Structure formats: C-alpha cells, structure tokens
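Below: structure33.pdb (PDB, C-alpha atoms)
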MODEL        1
ATOM      1  CA  MET A  29      42.022 -29.988-166.770
ATOM      2  CA  LEU A  30      39.123 -31.793-168.446
ATOM      3  CA  GLY A  31      39.729 -30.270-171.831
ATOM      4  CA  GLU A  32      37.692 -27.886-173.951
ATOM      5  CA  GLU A  33      34.342 -29.162-175.191
ATOM      6  CA  ALA A  34      33.095 -28.826-178.747
ATOM      7  CA  LEU A  35      29.498 -27.673-178.360
ATOM      8  CA  VAL A  36      26.937 -28.055-181.127
ATOM      9  CA  PRO A  37      23.685 -26.103-180.689
ATOM     10  CA  ILE A  38      20.602 -28.299-180.748
ATOM     11  CA  GLY A  39      19.024 -28.461-184.168
ATOM     12  CA  GLN A  40      22.092 -27.374-186.107
ATOM     13  CA  PRO A  41      23.708 -29.926-188.450
ATOM     14  CA  LEU A  42      26.899 -31.671-187.471
ATOM     15  CA  ARG A  43      30.105 -30.919-189.299
ATOM     16  CA  THR A  44      30.340 -32.841-192.543
ATOM     17  CA  SER A  45      34.013 -32.987-193.367
ATOM     18  CA  SER A  46      35.566 -36.294-194.416
ATOM     19  CA  ALA A  47      33.603 -39.217-192.951
ATOM     20  CA  GLY A  48      34.882 -40.447-189.647
ATOM     21  CA  ALA A  49      37.694 -37.883-189.511
ATOM     22  CA  LEU A  50      37.035 -37.052-185.878
ATOM     23  CA  SER A  51      35.055 -40.068-184.711
ATOM     24  CA  HIS A  52      36.682 -43.140-183.198
ATOM     25  CA  GLY A  53      35.971 -46.613-184.543
ATOM     26  CA  SER A  54      38.165 -48.376-182.002
ATOM     27  CA  SER A  55      40.259 -47.681-178.923
ATOM     28  CA  SER A  56      43.543 -47.634-180.853
ATOM     29  CA  ASN A  57      44.065 -43.858-180.573
ATOM     30  CA  LEU A  58      42.441 -43.411-177.166
ATOM     31  CA  GLU A  59      43.533 -43.567-173.560
ATOM     32  CA  ILE A  60      41.443 -43.793-170.411
ATOM     33  CA  LEU A  61      42.077 -41.131-167.778
ATOM     34  CA  SER A  62      40.548 -40.346-164.413
ATOM     35  CA  HIS A  63      39.801 -37.040-162.717
ATOM     36  CA  GLY A  64      39.181 -36.452-159.029
ATOM     37  CA  ASP A  65      39.450 -38.819-156.101
ATOM     38  CA  GLU A  66      37.974 -42.291-156.391
ATOM     39  CA  ASN A  67      35.018 -43.030-154.108
ATOM     40  CA  THR A  68      33.876 -39.409-154.207
ATOM     41  CA  LEU A  69      31.000 -37.732-156.032
ATOM     42  CA  ASP A  70      33.488 -35.787-158.178
ATOM     43  CA  TYR A  71      35.346 -38.814-159.533
ATOM     44  CA  ARG A  72      35.116 -39.155-163.325
ATOM     45  CA  ILE A  73      36.615 -41.556-165.876
ATOM     46  CA  LYS A  74      37.058 -40.196-169.375
ATOM     47  CA  ALA A  75      38.511 -41.094-172.751
ATOM     48  CA  ALA A  76      40.894 -38.781-174.591
ATOM     49  CA  ASP A  77      42.859 -39.036-177.784
ATOM     50  CA  LYS A  78      46.493 -39.907-177.182
ATOM     51  CA  THR A  79      47.671 -36.473-178.234
ATOM     52  CA  GLY A  80      45.785 -35.089-175.258
ATOM     53  CA  SER A  81      44.215 -32.423-177.441
ATOM     54  CA  LYS A  82      40.595 -33.547-177.189
ATOM     55  CA  THR A  83      38.350 -35.239-174.650
ATOM     56  CA  ILE A  84      36.145 -37.911-176.184
ATOM     57  CA  SER A  85      32.502 -38.598-175.410
ATOM     58  CA  LEU A  86      32.170 -42.362-175.036
ATOM     59  CA  TRP A  87      28.521 -41.996-176.009
ATOM     60  CA  HIS A  88      28.704 -39.678-179.015
ATOM     61  CA  ASP A  89      32.244 -39.833-180.436
ATOM     62  CA  VAL A  90      32.757 -43.603-180.629
ATOM     63  CA  THR A  91      31.164 -45.276-183.643
ATOM     64  CA  LEU A  92      28.601 -48.025-183.219
ATOM     65  CA  VAL A  93      30.300 -50.269-185.776
ATOM     66  CA  HIS A  94      33.846 -51.268-184.854
ATOM     67  CA  VAL A  95      36.509 -50.119-187.320
ATOM     68  CA  ASP A  96      39.700 -52.102-187.829
ATOM     69  CA  PRO A  97      42.525 -49.682-186.956
ATOM     70  CA  ALA A  98      44.883 -51.454-189.363
ATOM     71  CA  THR A  99      42.665 -51.094-192.448
ATOM     72  CA  ASP A 100      40.342 -48.276-191.354
ATOM     73  CA  ARG A 101      37.448 -50.395-192.601
ATOM     74  CA  PRO A 102      34.261 -51.445-190.751
ATOM     75  CA  THR A 103      34.304 -54.920-189.223
ATOM     76  CA  PRO A 104      31.405 -57.321-188.505
ATOM     77  CA  TYR A 105      31.543 -56.269-184.837
ATOM     78  CA  LEU A 106      30.060 -53.491-182.742
ATOM     79  CA  ASN A 107      31.832 -51.359-180.163
ATOM     80  CA  PHE A 108      31.122 -52.064-176.501
ATOM     81  CA  VAL A 109      31.913 -49.424-173.869
ATOM     82  CA  CYS A 110      32.448 -51.071-170.498
ATOM     83  CA  GLU A 111      31.041 -49.261-167.481
ATOM     84  CA  ILE A 112      31.101 -51.977-164.798
ATOM     85  CA  PRO A 113      33.804 -54.690-164.999
ATOM     86  CA  LYS A 114      32.818 -58.241-164.166
ATOM     87  CA  PHE A 115      33.389 -59.305-160.554
ATOM     88  CA  SER A 116      32.803 -55.744-159.295
ATOM     89  CA  ARG A 117      29.813 -53.877-157.864
ATOM     90  CA  LYS A 118      30.362 -50.102-158.093
ATOM     91  CA  LYS A 119      27.553 -48.760-160.262
ATOM     92  CA  TYR A 120      29.500 -46.793-162.856
ATOM     93  CA  GLU A 121      27.611 -45.320-165.821
ATOM     94  CA  ILE A 122      28.065 -42.829-168.628
ATOM     95  CA  ALA A 123      26.800 -39.448-167.437
ATOM     96  CA  THR A 124      24.445 -38.753-170.320
ATOM     97  CA  ASP A 125      23.318 -35.461-168.780
ATOM     98  CA  GLU A 126      26.804 -33.996-168.250
ATOM     99  CA  VAL A 127      28.993 -32.176-170.754
ATOM    100  CA  GLY A 128      31.575 -34.645-172.069
ATOM    101  CA  ASN A 129      29.573 -37.709-170.980
ATOM    102  CA  PHE A 130      32.300 -38.943-168.635
ATOM    103  CA  ILE A 131      31.745 -42.109-166.622
ATOM    104  CA  LYS A 132      30.751 -41.527-163.014
ATOM    105  CA  GLN A 133      29.602 -43.653-160.111
ATOM    106  CA  ASP A 134      25.853 -43.328-159.779
ATOM    107  CA  GLU A 135      24.575 -41.709-156.598
ATOM    108  CA  LYS A 136      21.303 -41.287-154.772
ATOM    109  CA  LYS A 137      20.840 -38.405-152.353
ATOM    110  CA  GLY A 138      24.600 -37.881-152.241
ATOM    111  CA  VAL A 139      25.450 -41.520-151.520
ATOM    112  CA  LEU A 140      27.515 -43.466-154.059
ATOM    113  CA  ARG A 141      25.687 -46.554-155.290
ATOM    114  CA  GLU A 142      26.828 -50.148-155.467
ATOM    115  CA  PHE A 143      24.954 -53.346-156.256
ATOM    116  CA  LYS A 144      23.779 -54.530-152.847
ATOM    117  CA  LYS A 145      23.180 -57.932-154.393
ATOM    118  CA  GLY A 146      26.946 -58.323-154.795
ATOM    119  CA  ASP A 147      29.440 -58.431-157.651
ATOM    120  CA  ILE A 148      28.120 -58.649-161.195
ATOM    121  CA  PHE A 149      29.427 -61.704-163.069
ATOM    122  CA  PHE A 150      29.678 -60.254-166.592
ATOM    123  CA  ASN A 151      31.134 -57.077-168.049
ATOM    124  CA  TYR A 152      28.343 -54.510-168.201
ATOM    125  CA  GLY A 153      28.178 -51.406-170.327
ATOM    126  CA  CYS A 154      26.555 -50.001-173.421
ATOM    127  CA  LEU A 155      26.611 -49.486-177.167
ATOM    128  CA  PRO A 156      27.761 -45.996-178.229
ATOM    129  CA  ARG A 157      25.529 -43.946-180.517
ATOM    130  CA  THR A 158      22.368 -45.649-179.338
ATOM    131  CA  TRP A 159      19.487 -44.232-177.308
ATOM    132  CA  GLU A 160      16.360 -45.843-175.912
ATOM    133  CA  ASP A 161      13.875 -43.132-176.804
ATOM    134  CA  PRO A 162      11.515 -42.324-173.882
ATOM    135  CA  THR A 163       8.891 -41.129-176.386
ATOM    136  CA  PHE A 164       8.790 -44.495-178.172
ATOM    137  CA  VAL A 165       6.869 -47.585-177.087
ATOM    138  CA  HIS A 166       8.146 -50.736-178.783
ATOM    139  CA  PRO A 167       5.303 -53.167-179.616
ATOM    140  CA  ASP A 168       7.040 -55.973-177.704
ATOM    141  CA  ALA A 169       7.799 -53.883-174.600
ATOM    142  CA  GLU A 170       4.537 -54.413-172.692
ATOM    143  CA  GLY A 171       3.418 -50.839-173.408
ATOM    144  CA  CYS A 172       6.553 -49.346-171.812
ATOM    145  CA  ARG A 173       8.625 -46.510-173.233
ATOM    146  CA  GLY A 174      12.413 -46.426-173.586
ATOM    147  CA  ASP A 175      14.562 -45.727-170.530
ATOM    148  CA  ASN A 176      16.375 -42.649-171.923
ATOM    149  CA  ASP A 177      19.834 -44.315-171.919
ATOM    150  CA  PRO A 178      22.177 -45.989-174.396
ATOM    151  CA  VAL A 179      21.436 -49.675-175.018
ATOM    152  CA  ASP A 180      22.866 -51.881-172.261
ATOM    153  CA  VAL A 181      25.236 -54.759-172.986
ATOM    154  CA  CYS A 182      26.101 -57.894-171.006
ATOM    155  CA  GLU A 183      29.485 -59.053-172.333
ATOM    156  CA  ILE A 184      29.995 -62.703-171.340
ATOM    157  CA  GLY A 185      33.647 -63.203-172.280
ATOM    158  CA  SER A 186      36.333 -64.471-169.932
ATOM    159  CA  ARG A 187      38.461 -61.323-169.557
ATOM    160  CA  ILE A 188      37.767 -58.490-167.124
ATOM    161  CA  VAL A 189      37.224 -55.319-169.162
ATOM    162  CA  LYS A 190      38.178 -52.075-167.428
ATOM    163  CA  THR A 191      35.781 -49.191-166.904
ATOM    164  CA  GLY A 192      35.893 -46.964-169.985
ATOM    165  CA  GLU A 193      37.561 -49.583-172.169
ATOM    166  CA  ILE A 194      36.178 -50.097-175.681
ATOM    167  CA  ARG A 195      36.048 -53.623-177.090
ATOM    168  CA  PRO A 196      34.741 -55.107-180.366
ATOM    169  CA  VAL A 197      31.942 -57.572-179.660
ATOM    170  CA  LYS A 198      29.777 -60.103-181.461
ATOM    171  CA  ILE A 199      26.066 -59.544-180.899
ATOM    172  CA  LEU A 200      24.317 -62.753-179.831
ATOM    173  CA  GLY A 201      20.837 -61.833-178.616
ATOM    174  CA  ILE A 202      18.740 -59.587-176.404
ATOM    175  CA  LEU A 203      16.430 -59.634-173.377
ATOM    176  CA  CYS A 204      13.576 -57.182-172.805
ATOM    177  CA  MET A 205      13.591 -56.142-169.158
ATOM    178  CA  ILE A 206      10.838 -53.938-167.771
ATOM    179  CA  ASP A 207      12.400 -51.736-165.095
ATOM    180  CA  GLU A 208       9.948 -49.656-163.065
ATOM    181  CA  GLY A 209       7.687 -49.175-166.065
ATOM    182  CA  GLU A 210      10.425 -48.555-168.638
ATOM    183  CA  ALA A 211      11.759 -50.809-171.397
ATOM    184  CA  ASP A 212      15.404 -51.580-170.655
ATOM    185  CA  TRP A 213      16.860 -53.834-173.342
ATOM    186  CA  LYS A 214      19.835 -56.024-172.400
ATOM    187  CA  VAL A 215      22.032 -57.095-175.307
ATOM    188  CA  VAL A 216      24.059 -60.277-174.864
ATOM    189  CA  ALA A 217      27.443 -60.124-176.594
ATOM    190  CA  ILE A 218      30.929 -61.616-176.459
ATOM    191  CA  ASP A 219      34.318 -60.040-177.028
ATOM    192  CA  ALA A 220      35.371 -60.752-180.607
ATOM    193  CA  GLU A 221      38.770 -61.963-179.376
ATOM    194  CA  ASP A 222      37.439 -64.223-176.620
ATOM    195  CA  LYS A 223      38.292 -67.920-176.852
ATOM    196  CA  TRP A 224      34.562 -68.750-176.983
ATOM    197  CA  ALA A 225      33.776 -66.229-179.737
ATOM    198  CA  PRO A 226      34.315 -68.647-182.678
ATOM    199  CA  PHE A 227      31.723 -70.994-181.174
ATOM    200  CA  LEU A 228      29.054 -68.400-180.384
ATOM    201  CA  ASN A 229      27.187 -66.854-183.303
ATOM    202  CA  ASP A 230      23.606 -66.618-182.027
ATOM    203  CA  ILE A 231      21.683 -66.882-178.782
ATOM    204  CA  ASP A 232      21.037 -70.627-179.137
ATOM    205  CA  ASP A 233      24.792 -71.209-179.212
ATOM    206  CA  VAL A 234      25.091 -69.619-175.773
ATOM    207  CA  ALA A 235      22.479 -71.993-174.382
ATOM    208  CA  LYS A 236      24.261 -74.985-175.911
ATOM    209  CA  GLN A 237      27.887 -74.089-175.302
ATOM    210  CA  LEU A 238      27.571 -72.208-171.988
ATOM    211  CA  PRO A 239      24.520 -73.764-170.315
ATOM    212  CA  GLY A 240      23.058 -71.774-167.466
ATOM    213  CA  THR A 241      24.572 -68.453-168.557
ATOM    214  CA  LEU A 242      21.360 -66.945-169.917
ATOM    215  CA  ASP A 243      19.265 -68.056-166.962
ATOM    216  CA  ALA A 244      21.845 -66.551-164.613
ATOM    217  CA  ILE A 245      21.751 -63.208-166.464
ATOM    218  CA  ARG A 246      17.955 -63.123-166.320
ATOM    219  CA  GLU A 247      17.903 -63.950-162.618
ATOM    220  CA  TRP A 248      20.551 -61.335-161.869
ATOM    221  CA  PHE A 249      18.359 -58.629-163.388
ATOM    222  CA  ARG A 250      15.207 -60.043-161.854
ATOM    223  CA  THR A 251      16.533 -59.884-158.300
ATOM    224  CA  TYR A 252      19.273 -57.245-158.088
ATOM    225  CA  LYS A 253      16.980 -54.515-156.730
ATOM    226  CA  ILE A 254      15.395 -56.671-154.041
ATOM    227  CA  PRO A 255      18.120 -55.777-151.466
ATOM    228  CA  ASP A 256      17.095 -52.127-152.014
ATOM    229  CA  GLY A 257      13.576 -52.980-150.905
ATOM    230  CA  LYS A 258      12.122 -53.004-154.424
ATOM    231  CA  PRO A 259      10.092 -55.784-156.075
ATOM    232  CA  PRO A 260      11.627 -58.161-158.630
ATOM    233  CA  ASN A 261      11.953 -56.874-162.180
ATOM    234  CA  VAL A 262       9.811 -58.409-164.897
ATOM    235  CA  PHE A 263      10.455 -59.145-168.575
ATOM    236  CA  GLY A 264       8.679 -58.904-171.885
ATOM    237  CA  LEU A 265       8.466 -61.507-174.645
ATOM    238  CA  ASP A 266       7.659 -64.311-172.172
ATOM    239  CA  GLU A 267      11.088 -63.767-170.581
ATOM    240  CA  LYS A 268      12.792 -65.153-173.688
ATOM    241  CA  PHE A 269      16.193 -64.102-174.973
ATOM    242  CA  MET A 270      15.610 -63.128-178.587
ATOM    243  CA  ASP A 271      18.078 -64.014-181.321
ATOM    244  CA  LYS A 272      20.811 -62.015-183.023
ATOM    245  CA  HIS A 273      18.597 -60.809-185.860
ATOM    246  CA  TYR A 274      16.020 -59.422-183.442
ATOM    247  CA  ALA A 275      18.772 -57.811-181.363
ATOM    248  CA  LEU A 276      20.243 -56.067-184.389
ATOM    249  CA  GLU A 277      16.849 -54.630-185.291
ATOM    250  CA  ILE A 278      16.499 -53.143-181.793
ATOM    251  CA  ILE A 279      20.051 -51.756-181.992
ATOM    252  CA  LYS A 280      19.355 -50.247-185.400
ATOM    253  CA  GLU A 281      16.192 -48.565-184.084
ATOM    254  CA  CYS A 282      18.121 -47.137-181.155
ATOM    255  CA  ASN A 283      20.920 -45.885-183.399
ATOM    256  CA  HIS A 284      18.359 -44.015-185.492
ATOM    257  CA  ALA A 285      16.794 -42.628-182.302
ATOM    258  CA  TRP A 286      20.243 -41.372-181.225
ATOM    259  CA  LYS A 287      20.634 -39.568-184.545
ATOM    260  CA  ASP A 288      17.267 -37.874-184.042
ATOM    261  CA  LEU A 289      18.389 -36.835-180.569
ATOM    262  CA  ILE A 290      21.708 -35.257-181.475
ATOM    263  CA  THR A 291      20.537 -33.577-184.689
ATOM    264  CA  GLY A 292      17.686 -31.897-182.833
ATOM    265  CA  GLU A 293      14.943 -33.717-184.729
ATOM    266  CA  LYS A 294      13.635 -35.333-181.559
ATOM    267  CA  GLU A 295      13.466 -32.031-179.697
ATOM    268  CA  ARG A 296      11.439 -30.521-182.525
ATOM    269  CA  GLN A 297       8.881 -33.291-181.965
ATOM    270  CA  LEU A 298       8.622 -32.863-178.196
ATOM    271  CA  GLU A 299       5.533 -30.647-178.132
ATOM    272  CA  GLN A 300       3.527 -33.820-178.709
ATOM    273  CA  CYS A 301       4.936 -35.351-175.493
ATOM    274  CA  ASP A 302       4.094 -34.861-171.829
ATOM    275  CA  VAL A 303       6.103 -32.546-169.578
ATOM    276  CA  GLU A 304       8.011 -35.375-167.896
ATOM    277  CA  VAL A 305       9.295 -36.800-171.174
ATOM    278  CA  ARG A 306      10.204 -33.367-172.517
ATOM    279  CA  GLY A 307      12.282 -32.824-169.393
ATOM    280  CA  LEU A 308      14.082 -36.157-169.791
ATOM    281  CA  VAL A 309      15.124 -35.471-173.366
ATOM    282  CA  ARG A 310      16.187 -31.867-172.824
ATOM    283  CA  LYS A 311      18.293 -32.885-169.830
ATOM    284  CA  LEU A 312      20.668 -34.951-171.943
ATOM    285  CA  SER A 313      24.015 -33.545-172.982
ATOM    286  CA  LYS A 314      24.525 -33.218-176.716
ATOM    287  CA  SER A 315      28.065 -31.842-176.416
ATOM    288  CA  ASN A 316      31.187 -33.326-177.964
ATOM    289  CA  LEU A 317      29.350 -34.076-181.180
ATOM    290  CA  VAL A 318      31.809 -34.748-183.972
ATOM    291  CA  ASP A 319      31.442 -35.998-187.526
ATOM    292  CA  LEU A 320      28.474 -38.288-187.890
ATOM    293  CA  SER A 321      29.258 -40.658-190.725
ATOM    294  CA  VAL A 322      25.829 -41.803-191.855
ATOM    295  CA  VAL A 323      27.322 -44.432-194.143
ATOM    296  CA  GLU A 324      29.467 -45.739-191.316
ATOM    297  CA  ASP A 325      26.718 -46.188-188.739
ATOM    298  CA  ASP A 326      24.008 -47.197-191.210
ATOM    299  CA  GLU A 327      26.162 -49.985-192.583
ATOM    300  CA  HIS A 328      24.410 -52.961-191.046
ATOM    301  CA  PRO A 329      27.069 -55.377-189.782
ATOM    302  CA  THR A 330      27.059 -58.883-191.209
ATOM    303  CA  PHE A 331      27.854 -61.829-188.986
TER     304      PHE A 331
ENDMDL
END
Before anything else, please render the file you have as structure tokens.
Amino acid sequence: MLGEEALVPIGQPLRTSSAGALSHGSSSNLEILSHGDENTLDYRIKAADKTGSKTISLWHDVTLVHVDPATDRPTPYLNFVCEIPKFSRKKYEIATDEVGNFIKQDEKKGVLREFKKGDIFFNYGCLPRTWEDPTFVHPDAEGCRGDNDPVDVCEIGSRIVKTGEIRPVKILGILCMIDEGEADWKVVAIDAEDKWAPFLNDIDDVAKQLPGTLDAIREWFRTYKIPDGKPPNVFGLDEKFMDKHYALEIIKECNHAWKDLITGEKERQLEQCDVEVRGLVRKLSKSNLVDLSVVEDDEHPTF
C-alpha cells in the first residue's frame, strides 16, 4: 500500500499548527521504500516516516534548510534529495505531476530512459521546496522561462548517495543551462560531511582545490543529449559558474515561487499566461502539503 495522501485544495491555506510539526528537516525520521518491480514503468521509490503512518513527498514535505535532528535547529546547510546516484545512468526523477511525488524512472513513449552518454559522475538531484517557475523569465537566462521543476543539484562529494536519500549540503555556486529553450539552473554543492567540505566554501574553491571538476560538469550537460540525436545544450552568463551568493539568490527566488505554487497564488495569476504554461502549472501535484513554516524556509542560511 502506498499510504493515504493528505490533499489540500488549491488556493486554500496550509495548516498552521506548530511550525515544522509535520515537515522533515532531515532524514533522521525517514526511511526509503520501493513499490513495484524495478525496471518497469510502475516502479516507484518513496520516503515514509519510520512509523509507517505517512508517506512523505520529497518535494513538498522536506524543508529547504537542513535541521539538525539533535537540536531541532536550522543549520547553515540545505537539504539535497538525490535522484540519480553518481556512477549510474538510470534517469530517476521526482514525479512532480503525481500524487505523493514519488521518484520514478523517466520514460518516453513507454520506454524507460537512461543517459545514453553513460554514467553520470556526480550525485544528481534537487532542492526540496523549490520550483523553477515557467511563467518567470530571469534577466540572466537569455530570455528563457523556468523549466517547471525543482532546482537541480550536482553534488560533488566522494560518497555515492542513494536514490531518495536526503543529505545536508553546502551550496558552492550555480550554472545557467538553457535546455531546449528553458532555463535549467544547476546548483553545485558538496555534502556537508564530505572530507573536502571544510576546504570548499565558494565556487572559486572548487576550481582551485578540484581543478577540472567544473569544466567536466559543464561539458557533461553540454553533450549528454547528443547521443539522442539532439544538438548540444548552451549556457547563459557566458558559460560561467556563478558564486555562492548568486546561487543563494536563485534558490531563494525558487523557494518563493514554490510557495506561490502550493498556496494557489500562482494559479490565480495564470489567466495572464498562455495556454501551454497554464497547462504545465495545473499539471503539477500539490498533494501531501504539510505545515509550511515560513520562518523556517525564509531563514536565509549563513555560510
């Protein structure tokens, strides 16, 4: 059984009991479960609390800012939800348009998708409670709108993070990729407990301490669709990786966009948008919405 979902009608306020009472600031009380047979269209990976009483949306129910389970206080780190472990190629992603937002393997015309380019060399996933708004065109995004997904993360630590696992990460920088006419930001981060973490505090540190890493990330994203017969991807901002401060501003914008999405504010604004964009937004699942602690997610992390 996948568990009963807590549905919140669009436009109605979220419950406002004690802050964070039902949200999850870390993985300490969660377990990762699977449903269905692997390598099938029905296979899903989900998070649930350890009591088994509630299924957790890895997009909506996990806080953006990591919370220390020992003190129940926010930390300087953000939560990273891993979708694709490093050294693997199955294209797992959070199903933003399904109730519960489980992780599934992407498919096209009934065929499960993998990276034809080969294994990815970093842990790849997203930041919970973020959304790249398809109605918004960032001034640095070459006139392209958001891609309608949570913000992507490239975690460059040494450990292999499992699909569905939540890890605290240090934000280091960001790359603006333009993917088929959409802005698709790629945050660069490192696991807070990685052996390199004390030495990496901004994007320049990555270039100095781990030379070649940033170029390799850029080239991965430039070329990974070529085996599918598509042209190379391009990048905004002169292909530069922007620094931590810039990255945090993008993340903050996308966290605010997520709040507009799940409170219904964005849907109330959709009449100003074209039919395609209205369809994209209304397709997303807003189920499993629990307490939204505004103080918690608005508290800008300090590094």
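In this comparison, which uses all atoms listed in the file, the residue of A:Thr291, A:Ser81, A:Asn107, A:Ser55 approaching Val181 of chain A most closely is A:Asn107.
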Could you work out how far atom CA of Ala98 of chain A lies from atom CA of Pro196 of chain A, giving the answer in Å with one decimal? 14.0 Å
At a cut-off of 9 Å, can you tabulate as CSV every residue of segment 100-210 of chain A near segment 252-258 of chain A together with its closest atom pair and the distance in Å to one decimal, using all atoms listed in the file and ordering rows by chain then number?
residue,atom,partner,partner_atom,distance
A:Phe143,CA,A:Tyr252,CA,7.1
A:Lys144,CA,A:Pro255,CA,6.0
A:Lys145,CA,A:Tyr252,CA,5.4
A:Gly146,CA,A:Tyr252,CA,8.4
Output the residue selection produced by the PyMOL selection byres ((chain A and resi 219) around 6) on the file above, formatted as a VMD selection string. chain A and resid 185 196 to 197 218 220 to 222
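Residues captured in this structure file are A:Leu200, A:Gly201, A:Ile202, A:Leu203, A:Asp230, A:Ile231, A:Phe263, A:Gly264, A:Leu265, A:Asp266, A:Lys280, A:Glu281, A:Cys282, according to the PyMOL selection byres ((chain A and resi 267-279) around 6).
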Residues within 10 Å of Gly209 of chain A, all atoms listed in the file, excluding chain neighbours under 5 positions, as a ChimeraX atom specification: /A:169-175,261-262
Take atom CA of Ile194 of chain A and atom CA of Lys114 of chain A and report the distance between them in Å, one decimal. 14.5 Å
